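S.K.: Structure in structure tokens, see below.
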Amino acid sequence: MENGALGKVYQDSQVIVRQGEVGDCMYVVQQGRVAVVQERDGKEVPLAVLGKGDFFGEMALFDREVRSSTVRAIGEAQVLTVDKKTLLRRIHEDPSLAFRIVQQMSQRIRELDAELVRMKASVLSLE
Amino acid sequence: MLEEKIGPWRDETASKLELESGSRVAVIGGGPAGSFFSYFLLDMARRLGIDLRLDIYEPRDFSLPGPTGCNMCGGIVSESLVQALAVEGINLPPTVVERGIDSYVLHMDLGSVRIDTPLREKRIAAVHRGAGPRGVKDTKWRSFDGYLLELAMGNGAHLVRGRVTDISWKDGLPQAKIQGGPPQAYDLLGIATGVNTSALKLFEKLDLGYAPPKTTKTYIADFYMGQETVNRYLGSSMHVFLLDLPQLEFAALIPKGDYATLCLLGHEIDRPLVQRFLDAPEVKQCLPPEYRVPEDHCHCSPWINVQGAVRPFADRVVFIGDCGVTRLYKDGIGAAYRTAKAAATTAIFEGISAEDFRRHYWPACRAIRADNALGKIIFAITRQIQKRRKDRGGVLRMVSREQRTERGPRRMSMVLWDVFTGSAPYRDILLRSLHPFFLGRFVWEIIAGIVARIWSINGQKH
């Protein structure tokens, strides 16, 4: 079945996206898992682990900022690249194609909100 | 002022025909167009809180190998469609994709050249529409059409395993009937029968203003080679042939699991032409020495749509995919996806009257038709290049040079990639091939080829 896997194979710990680099595509995990980490003051802060069907790097499609995080393969991972131009053209033709991207971004905002509440609550409890 | 020119933003009186909770939808044909339409219609309805009942009428069982479970097609899911589907959350699994394609090899009488995608990534999927060719020994992969149908059913579609034998109207609603069953009334009919069926005749008597597409015959065959041999001789490349054979617009050998699929497109492909193609040395070099095409190999000569249908919509009726408008020669599955989504979004967000489809569905079809007109020009140019040795030499030199250098624009490589894989609109391809740098380089390579040939001949004389 390995002949039928789409995308590109990344080996364990191989960097798929590097924080600070300019990006012009997003990625969809086809098989395996990837880790999203952010480097801050020389330390790596783990943000998320993504699996089959999840996508990352989508912010580069909608803003012109550099990549906000580094993404690495955990074990062997197969990841499909989605070109910015191809996708934006399709979204222009068919805006409903963006539904799922918006849905996932919305889900991430909810998770961030929940995380923020947890952090503020723990600060308040310390006070 | 602007409104006077273009009319009101939305004429609220234009449509009173809409889908609402409890509406019934019939989709006739469970191939990619029918399954995509069902999947997205139900998905969007759910987002709006509309509860639909949707029946897909499909007589074929896609879990069966051979013609009984096959929708007759080369079985390539284009690069752009693979990406769009991934964004939609439809990631084609390796149990369906028999081979991921990351490159193609262009074969001509003057030589062959391999063209890799810049990312060197497998983004084209080679699939079988059914469960495999007739006589398949071991069904290792699932049918692509079956996979999409299951997705639609997972979204709530009901499968009616039967062939629709009659379509009629009653009390302003279309009715579908299968043999031995009573007519079923629906609020909307999505017609996705393709063109290789007599079912389209059912719609002629309804006087919808619909005229079926114009078609031409193609040739598709599956050759058993075994996975190891396919790996060794074809690899993960699509093999494309630019041969000077009359009637032939395009020829490709597509590696799959245990099989290689031969796909010939052109005008009225007949058996002698197929044999001449198979006898060509450029083709033989892609197959093992002494390889003989099995006598009982699975093959078919399906019709394909080469000029879209007239008025593929009416009140409560919409024609999707091949029986409506599709892309010329390439990416028919991609066109099925695009028209299915356009029809589904129209039905959910705008309405289901003929006027709604004319305003919101027809523009998507018209864009494909307009692009096909440019596609015809591209294929006419390709045909001329196929005929002229000097031009073929120019193509080969230009592509070879581009593939040798890591950096720099790969103008010819990308134009050919998009022509052969169907990954970009024909308009884009034509514009890129009319770019002065592209034309200048191509003419330069043709002249360089002629000069090199003259020197070679003179060298031999001396």
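Each chain of the structure tokens is named A, B, ... in the order shown, its residues numbered from 1; ligands are numbered from 1 in display order.
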Neighbouring residues of range 29-34 of chain A were defined as those with any atom within 10 Å, considering only C-alpha atoms; residues of the same chain fewer than 6 positions away were excluded. Please report them as a PyMOL selection string.
M.R.: (chain A and resi 5-10+12-16+48-56+71-81) or (chain B and resi 86+91-94)
S.K.: Keeping only C-alpha atoms, write those residues as a CSV table (one decimal), in the first residue's frame.
M.R.:
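Produced file out04.csv, reproduced below:
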chain,number,residue,atom,x,y,z
A,5,ALA,CA,0.4,7.2,0.0
A,6,LEU,CA,0.2,10.8,-1.2
A,7,GLY,CA,2.4,13.6,-0.2
A,8,LYS,CA,6.0,13.5,0.9
A,9,VAL,CA,7.6,11.3,3.6
A,10,TYR,CA,9.3,13.1,6.5
A,12,ASP,CA,11.4,11.3,12.6
A,13,SER,CA,12.3,14.8,13.8
A,14,GLN,CA,12.6,16.1,10.3
A,15,VAL,CA,11.5,19.8,10.1
A,16,ILE,CA,8.6,20.4,7.7
A,48,ALA,CA,0.2,20.8,19.7
A,49,VAL,CA,0.4,17.3,18.1
A,50,LEU,CA,-1.4,16.9,14.9
A,51,GLY,CA,-2.5,13.7,13.2
A,52,LYS,CA,-4.1,12.3,10.0
A,53,GLY,CA,-6.4,14.9,8.3
A,54,ASP,CA,-5.2,17.9,10.4
A,55,PHE,CA,-3.6,20.8,8.6
A,56,PHE,CA,-1.0,23.4,9.5
A,71,VAL,CA,6.6,21.7,12.7
A,72,ARG,CA,8.5,18.4,12.9
A,73,ALA,CA,7.6,14.8,12.1
A,74,ILE,CA,7.0,12.4,15.1
A,75,GLY,CA,8.2,9.1,13.7
A,76,GLU,CA,7.6,8.8,10.0
A,77,ALA,CA,5.0,11.1,8.7
A,78,GLN,CA,3.4,11.6,5.2
A,79,VAL,CA,2.4,15.2,4.5
A,80,LEU,CA,0.7,16.8,1.5
A,81,THR,CA,1.6,20.3,0.5
B,86,ALA,CA,-7.5,17.4,1.3
B,91,ASN,CA,-7.8,12.6,2.2
B,92,LEU,CA,-7.6,9.7,-0.4
B,93,PRO,CA,-6.2,6.7,1.6
B,94,PRO,CA,-3.6,4.3,0.3
S.K.: Within range 14-237 of chain B, find each residue whose DSSP state, derived from the backbone, is helix (DSSP H, G or I), and express the selection as a PyMOL selection string.
M.R.: chain B and resi 32-47+67-69+79-88+144-154+201-204+227-233
S.K.: Could you please select, counting only C-alpha atoms, the residues of chain B within 7 Å of chain A and state them as a PyMOL selection string?
M.R.: chain B and resi 80+83+86+88-89+91+93-95+97-100+121-123
S.K.: From a DSSP calculation on the backbone, collect every residue of range 168-298 of chain B in strand (DSSP E or B) and output the set as a PyMOL selection string.
M.R.: chain B and resi 168-170+173-178+184-185+188-191+211+214-217+219-224+237-241+248-255+259-266+298
S.K.: CA of Gly321 in chain B and CA of Ser433 in chain B are how many Å apart?
M.R.: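 Spanning CA of Gly321 in chain B to CA of Ser433 in chain B is a straight-line distance of 28.6 Å.
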S.K.: Can you list, as a tab-separated table (two decimals) with all heavy atoms, in the first residue's frame, every protein, DNA or RNA residue that comes within 8 Å of Ala335 in chain B when you count only C-alpha atoms, leaving out same-chain residues fewer than 2 positions away?
M.R.:
chain	number	residue	atom	x	y	z
B	321	GLY	N	-21.47	16.97	-13.83
B	321	GLY	CA	-20.39	16.12	-14.33
B	321	GLY	C	-20.49	15.89	-15.83
B	321	GLY	O	-20.94	16.77	-16.58
B	325	VAL	N	-21.43	19.54	-18.14
B	325	VAL	CA	-20.23	20.15	-18.72
B	325	VAL	C	-19.02	19.58	-17.99
B	325	VAL	O	-19.02	19.45	-16.77
B	325	VAL	CB	-20.27	21.69	-18.54
B	325	VAL	CG1	-18.98	22.33	-19.01
B	325	VAL	CG2	-21.46	22.27	-19.29
B	326	THR	N	-18.00	19.21	-18.76
B	326	THR	CA	-16.77	18.71	-18.14
B	326	THR	C	-15.56	19.31	-18.84
B	326	THR	O	-15.70	20.03	-19.81
B	326	THR	CB	-16.72	17.16	-18.19
B	326	THR	OG1	-15.66	16.70	-17.37
B	326	THR	CG2	-16.51	16.66	-19.61
B	327	ARG	N	-14.39	18.98	-18.32
B	327	ARG	CA	-13.17	19.53	-18.89
B	327	ARG	C	-12.76	18.71	-20.10
B	327	ARG	O	-12.91	17.49	-20.11
B	327	ARG	CB	-12.08	19.49	-17.82
B	327	ARG	CG	-10.95	20.42	-18.11
B	327	ARG	CD	-10.32	20.91	-16.83
B	327	ARG	NE	-9.30	21.88	-17.17
B	327	ARG	CZ	-8.00	21.58	-17.25
B	327	ARG	NH1	-7.58	20.37	-16.99
B	327	ARG	NH2	-7.13	22.51	-17.61
B	331	ASP	N	-8.82	15.70	-16.44
B	331	ASP	CA	-9.38	16.07	-15.15
B	331	ASP	C	-10.92	16.05	-15.14
B	331	ASP	O	-11.55	16.97	-14.61
B	331	ASP	CB	-8.85	17.45	-14.74
B	331	ASP	CG	-9.03	17.71	-13.25
B	331	ASP	OD1	-9.18	16.72	-12.49
B	331	ASP	OD2	-9.02	18.89	-12.84
B	332	GLY	N	-11.48	15.02	-15.71
B	332	GLY	CA	-12.94	14.88	-15.70
B	332	GLY	C	-13.47	14.75	-14.27
B	332	GLY	O	-14.54	15.26	-13.95
B	333	ILE	N	-12.68	14.08	-13.40
B	333	ILE	CA	-13.12	13.93	-12.01
B	333	ILE	C	-13.09	15.29	-11.31
B	333	ILE	O	-13.96	15.63	-10.52
B	333	ILE	CB	-12.25	12.89	-11.26
B	333	ILE	CG1	-12.33	11.53	-11.98
B	333	ILE	CG2	-12.68	12.73	-9.81
B	333	ILE	CD1	-11.34	10.48	-11.46
B	337	TYR	N	-16.20	17.33	-9.59
B	337	TYR	CA	-16.15	17.97	-8.27
B	337	TYR	C	-16.61	19.43	-8.36
B	337	TYR	O	-17.44	19.90	-7.55
B	337	TYR	CB	-14.72	17.87	-7.72
B	337	TYR	CG	-14.38	18.85	-6.63
B	337	TYR	CD1	-14.77	18.62	-5.32
B	337	TYR	CD2	-13.64	19.99	-6.90
B	337	TYR	CE1	-14.44	19.53	-4.31
B	337	TYR	CE2	-13.30	20.90	-5.91
B	337	TYR	CZ	-13.71	20.66	-4.61
B	337	TYR	OH	-13.39	21.56	-3.63
B	338	ARG	N	-16.10	20.15	-9.34
B	338	ARG	CA	-16.42	21.58	-9.45
B	338	ARG	C	-17.89	21.80	-9.76
B	338	ARG	O	-18.54	22.66	-9.16
B	338	ARG	CB	-15.56	22.24	-10.53
B	338	ARG	CG	-14.11	22.42	-10.07
B	338	ARG	CD	-13.21	22.76	-11.23
B	338	ARG	NE	-13.47	24.08	-11.78
B	338	ARG	CZ	-12.93	24.53	-12.91
B	338	ARG	NH1	-12.09	23.77	-13.59
B	338	ARG	NH2	-13.20	25.73	-13.35
B	339	THR	N	-18.42	21.04	-10.72
B	339	THR	CA	-19.83	21.24	-11.08
B	339	THR	C	-20.74	20.75	-9.95
B	339	THR	O	-21.78	21.35	-9.69
B	339	THR	CB	-20.18	20.55	-12.41
B	339	THR	OG1	-19.84	19.17	-12.35
B	339	THR	CG2	-19.47	21.19	-13.58
B	368	ILE	N	-15.86	26.53	-17.47
B	368	ILE	CA	-15.20	25.31	-17.95
B	368	ILE	C	-15.27	25.26	-19.48
B	368	ILE	O	-14.30	24.94	-20.16
B	368	ILE	CB	-15.84	24.05	-17.32
B	368	ILE	CG1	-15.62	24.05	-15.81
B	368	ILE	CG2	-15.27	22.78	-17.94
B	368	ILE	CD1	-16.38	22.97	-15.05
S.K.: Please report the interatomic distance between CA of Val310 in chain B and CA of Ala211 in chain B in Å with one decimal.
M.R.: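 One can read the CA of Val310 in chain B to CA of Ala211 in chain B distance as 4.9 Å.
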S.K.: Which residues are near Tyr426 in chain B? Cut-off 12 Å, only C-alpha atoms, ignore same chain within fewer than 6 positions. Put them as an mmCIF file with N, CA, C and O atoms, in the first residue's frame.
M.R.:
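Saved as part-v7.cif:
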data_model
loop_
_atom_site.group_PDB
_atom_site.id
_atom_site.type_symbol
_atom_site.label_atom_id
_atom_site.label_comp_id
_atom_site.auth_asym_id
_atom_site.auth_seq_id
_atom_site.Cartn_x
_atom_site.Cartn_y
_atom_site.Cartn_z
ATOM 1 N N ARG B 327 -14.393 18.983 -18.319
ATOM 2 C CA ARG B 327 -13.173 19.534 -18.886
ATOM 3 C C ARG B 327 -12.758 18.713 -20.102
ATOM 4 O O ARG B 327 -12.911 17.489 -20.108
ATOM 5 N N LEU B 328 -12.237 19.376 -21.114
ATOM 6 C CA LEU B 328 -11.818 18.690 -22.334
ATOM 7 C C LEU B 328 -10.645 17.757 -22.037
ATOM 8 O O LEU B 328 -9.586 18.202 -21.588
ATOM 9 N N TYR B 329 -10.838 16.484 -22.302
ATOM 10 C CA TYR B 329 -9.814 15.423 -22.229
ATOM 11 C C TYR B 329 -9.249 15.154 -20.832
ATOM 12 O O TYR B 329 -8.932 14.025 -20.508
ATOM 13 N N LYS B 330 -9.031 16.175 -20.016
ATOM 14 C CA LYS B 330 -8.295 15.998 -18.758
ATOM 15 C C LYS B 330 -9.132 16.365 -17.542
ATOM 16 O O LYS B 330 -9.948 17.265 -17.611
ATOM 17 N N ASP B 331 -8.824 15.698 -16.444
ATOM 18 C CA ASP B 331 -9.382 16.067 -15.154
ATOM 19 C C ASP B 331 -10.915 16.055 -15.137
ATOM 20 O O ASP B 331 -11.547 16.974 -14.611
ATOM 21 N N ALA B 367 -17.551 28.741 -17.366
ATOM 22 C CA ALA B 367 -16.098 28.945 -17.208
ATOM 23 C C ALA B 367 -15.334 27.725 -17.728
ATOM 24 O O ALA B 367 -14.298 27.865 -18.391
ATOM 25 N N ILE B 368 -15.856 26.527 -17.465
ATOM 26 C CA ILE B 368 -15.197 25.312 -17.955
ATOM 27 C C ILE B 368 -15.273 25.263 -19.480
ATOM 28 O O ILE B 368 -14.299 24.941 -20.163
ATOM 29 N N ARG B 369 -16.449 25.611 -20.023
ATOM 30 C CA ARG B 369 -16.612 25.599 -21.493
ATOM 31 C C ARG B 369 -15.659 26.578 -22.152
ATOM 32 O O ARG B 369 -15.029 26.266 -23.178
ATOM 33 N N ALA B 370 -15.555 27.792 -21.580
ATOM 34 C CA ALA B 370 -14.664 28.804 -22.171
ATOM 35 C C ALA B 370 -13.222 28.325 -22.121
ATOM 36 O O ALA B 370 -12.450 28.504 -23.075
ATOM 37 N N ASP B 371 -12.861 27.674 -21.015
ATOM 38 C CA ASP B 371 -11.496 27.172 -20.882
ATOM 39 C C ASP B 371 -11.237 26.043 -21.883
ATOM 40 O O ASP B 371 -10.133 25.934 -22.427
ATOM 41 N N ASN B 372 -12.261 25.223 -22.134
ATOM 42 C CA ASN B 372 -12.114 24.140 -23.106
ATOM 43 C C ASN B 372 -11.808 24.667 -24.505
ATOM 44 O O ASN B 372 -11.089 24.024 -25.277
ATOM 45 N N ALA B 373 -12.399 25.845 -24.830
ATOM 46 C CA ALA B 373 -12.138 26.429 -26.157
ATOM 47 C C ALA B 373 -10.644 26.708 -26.295
ATOM 48 O O ALA B 373 -10.042 26.474 -27.358
ATOM 49 N N LEU B 374 -10.016 27.183 -25.219
ATOM 50 C CA LEU B 374 -8.567 27.428 -25.244
ATOM 51 C C LEU B 374 -7.810 26.104 -25.236
ATOM 52 O O LEU B 374 -6.747 25.981 -25.839
ATOM 53 N N GLY B 375 -8.387 25.102 -24.564
ATOM 54 C CA GLY B 375 -7.784 23.768 -24.552
ATOM 55 C C GLY B 375 -7.684 23.201 -25.961
ATOM 56 O O GLY B 375 -6.699 22.551 -26.310
ATOM 57 N N LYS B 376 -8.708 23.465 -26.772
ATOM 58 C CA LYS B 376 -8.685 22.970 -28.160
ATOM 59 C C LYS B 376 -7.511 23.571 -28.928
ATOM 60 O O LYS B 376 -6.863 22.898 -29.727
ATOM 61 N N ILE B 377 -7.228 24.855 -28.642
ATOM 62 C CA ILE B 377 -6.083 25.502 -29.302
ATOM 63 C C ILE B 377 -4.788 24.827 -28.845
ATOM 64 O O ILE B 377 -3.907 24.519 -29.658
ATOM 65 N N ILE B 378 -4.679 24.569 -27.546
ATOM 66 C CA ILE B 378 -3.461 23.939 -27.009
ATOM 67 C C ILE B 378 -3.251 22.561 -27.624
ATOM 68 O O ILE B 378 -2.138 22.215 -28.044
ATOM 69 N N PHE B 379 -4.321 21.777 -27.722
ATOM 70 C CA PHE B 379 -4.163 20.435 -28.293
ATOM 71 C C PHE B 379 -3.862 20.503 -29.791
ATOM 72 O O PHE B 379 -3.165 19.644 -30.329
ATOM 73 N N VAL B 415 4.629 23.791 -18.403
ATOM 74 C CA VAL B 415 3.546 23.828 -19.396
ATOM 75 C C VAL B 415 3.136 22.397 -19.752
ATOM 76 O O VAL B 415 1.952 22.042 -19.761
ATOM 77 N N LEU B 416 4.144 21.539 -20.017
ATOM 78 C CA LEU B 416 3.829 20.151 -20.375
ATOM 79 C C LEU B 416 3.175 19.421 -19.205
ATOM 80 O O LEU B 416 2.227 18.660 -19.385
ATOM 81 N N TRP B 417 3.697 19.669 -18.006
ATOM 82 C CA TRP B 417 3.129 19.022 -16.812
ATOM 83 C C TRP B 417 1.634 19.340 -16.707
ATOM 84 O O TRP B 417 0.804 18.461 -16.499
ATOM 85 N N ASP B 418 1.322 20.617 -16.875
ATOM 86 C CA ASP B 418 -0.076 21.018 -16.719
ATOM 87 C C ASP B 418 -0.953 20.539 -17.876
ATOM 88 O O ASP B 418 -2.126 20.224 -17.679
ATOM 89 N N VAL B 419 -0.382 20.479 -19.085
ATOM 90 C CA VAL B 419 -1.156 19.950 -20.220
ATOM 91 C C VAL B 419 -1.468 18.475 -19.981
ATOM 92 O O VAL B 419 -2.602 18.024 -20.133
ATOM 93 N N PHE B 420 -0.452 17.718 -19.573
ATOM 94 C CA PHE B 420 -0.624 16.267 -19.473
ATOM 95 C C PHE B 420 -1.359 15.835 -18.201
ATOM 96 O O PHE B 420 -2.001 14.797 -18.192
ATOM 97 N N ARG B 432 1.026 31.145 -20.429
ATOM 98 C CA ARG B 432 2.437 30.878 -20.133
ATOM 99 C C ARG B 432 3.198 30.494 -21.397
ATOM 100 O O ARG B 432 4.349 30.849 -21.563
ATOM 101 N N SER B 433 2.504 29.783 -22.303
ATOM 102 C CA SER B 433 3.215 29.352 -23.518
ATOM 103 C C SER B 433 3.309 30.475 -24.548
ATOM 104 O O SER B 433 4.022 30.352 -25.541
#
S.K.: Output as JSON lines one row per residue of range 133-214 of chain B within 6 Å of range 35-41 of chain B: the closest atom pair and its distance in Å to one decimal place, counting only C-alpha atoms, sorted by chain and residue number ascending.
M.R.:
{"residue": "B:Leu148", "atom": "CA", "partner": "B:Ser35", "partner_atom": "CA", "distance": 5.9}
{"residue": "B:Leu149", "atom": "CA", "partner": "B:Ser35", "partner_atom": "CA", "distance": 5.2}
{"residue": "B:Ala152", "atom": "CA", "partner": "B:Tyr39", "partner_atom": "CA", "distance": 4.4}
S.K.: Any chance you could export the current selection's all heavy atoms as a CSV table (one decimal), in the first residue's frame?
M.R.:
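The file below, selection-v2.csv, is the result:
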chain,number,residue,atom,x,y,z
B,148,LEU,N,-16.0,7.2,-2.7
B,148,LEU,CA,-16.7,8.4,-2.6
B,148,LEU,C,-18.2,8.2,-2.3
B,148,LEU,O,-18.8,9.0,-1.5
B,148,LEU,CB,-16.6,9.1,-4.0
B,148,LEU,CG,-15.2,9.7,-4.4
B,148,LEU,CD1,-15.3,10.4,-5.7
B,148,LEU,CD2,-14.6,10.6,-3.4
B,149,LEU,N,-18.7,7.1,-2.8
B,149,LEU,CA,-20.1,6.8,-2.5
B,149,LEU,C,-20.3,6.5,-1.0
B,149,LEU,O,-21.3,7.0,-0.4
B,149,LEU,CB,-20.6,5.5,-3.3
B,149,LEU,CG,-22.0,5.1,-3.3
B,149,LEU,CD1,-22.9,6.3,-3.7
B,149,LEU,CD2,-22.3,3.9,-4.2
B,152,ALA,N,-20.4,9.8,0.8
B,152,ALA,CA,-21.8,10.4,0.7
B,152,ALA,C,-22.7,9.7,1.6
B,152,ALA,O,-23.5,10.4,2.3
B,152,ALA,CB,-22.2,10.4,-0.7
S.K.: Within 10 Å of Gln19 in chain A, counting only C-alpha atoms, which residues show up once you throw out same-chain ones fewer than 2 positions away? Write them as a PyMOL selection string, please.
M.R.: chain A and resi 15+17+21-23+36-39+66-71
S.K.: Show me, as a list in words, the residues that have an atom within 10 Å of Arg383 in chain B when counting only C-alpha atoms, minus same-chain residues fewer than 4 positions from it.
M.R.: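 The neighbour list is Leu242, Leu243, Asp244, Leu245, Pro246, Gln247, Leu248, Glu249, Phe250, Ile377, Ile378, Phe379, Lys387 and Arg388 of chain B.
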S.K.: With only C-alpha atoms as the atoms that count, which of A:Arg40, A:Cys25, A:Ala35, A:Glu58 lies nearest to Val102 in chain A?
M.R.: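 Checking each of A:Arg40, A:Cys25, A:Ala35, A:Glu58 against Val102 in chain A, counting only C-alpha atoms, the winner is A:Glu58.
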S.K.: If you measure from CA of Thr215 in chain B to CA of Asp145 in chain B, what distance in Å do you get, rounded to one decimal?
M.R.: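 One can read the CA of Thr215 in chain B to CA of Asp145 in chain B distance as 22.0 Å.
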S.K.: Show me, as a PyMOL selection string, the residues that have an atom within 9 Å of Lys16 in chain B when counting only C-alpha atoms, minus same-chain residues fewer than 6 positions from it.
M.R.: chain B and resi 351-353
S.K.: Let me make sure I understand: among B:Ala343, B:Cys73, B:Val87, B:Ile56, which one has the smallest atom-to-atom distance to Gln104 in chain A if we use only C-alpha atoms?
M.R.: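 Of all the options, B:Val87 lies closest to Gln104 in chain A.
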S.K.: Considering only C-alpha atoms, can you say which of B:Lys137, B:Arg232, B:His239, B:Arg114 comes closest to Thr421 in chain B?
M.R.: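 Nearest candidate to Thr421 in chain B out of B:Lys137, B:Arg232, B:His239, B:Arg114: B:His239.
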S.K.: From the set B:Ser236, B:Pro174, B:Ile220, B:Ile28, which residue has the shortest atom-to-atom contact distance to Asp102 in chain B, counting only C-alpha atoms?
M.R.: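 Among the listed residues, B:Ser236 lies closest to Asp102 in chain B.
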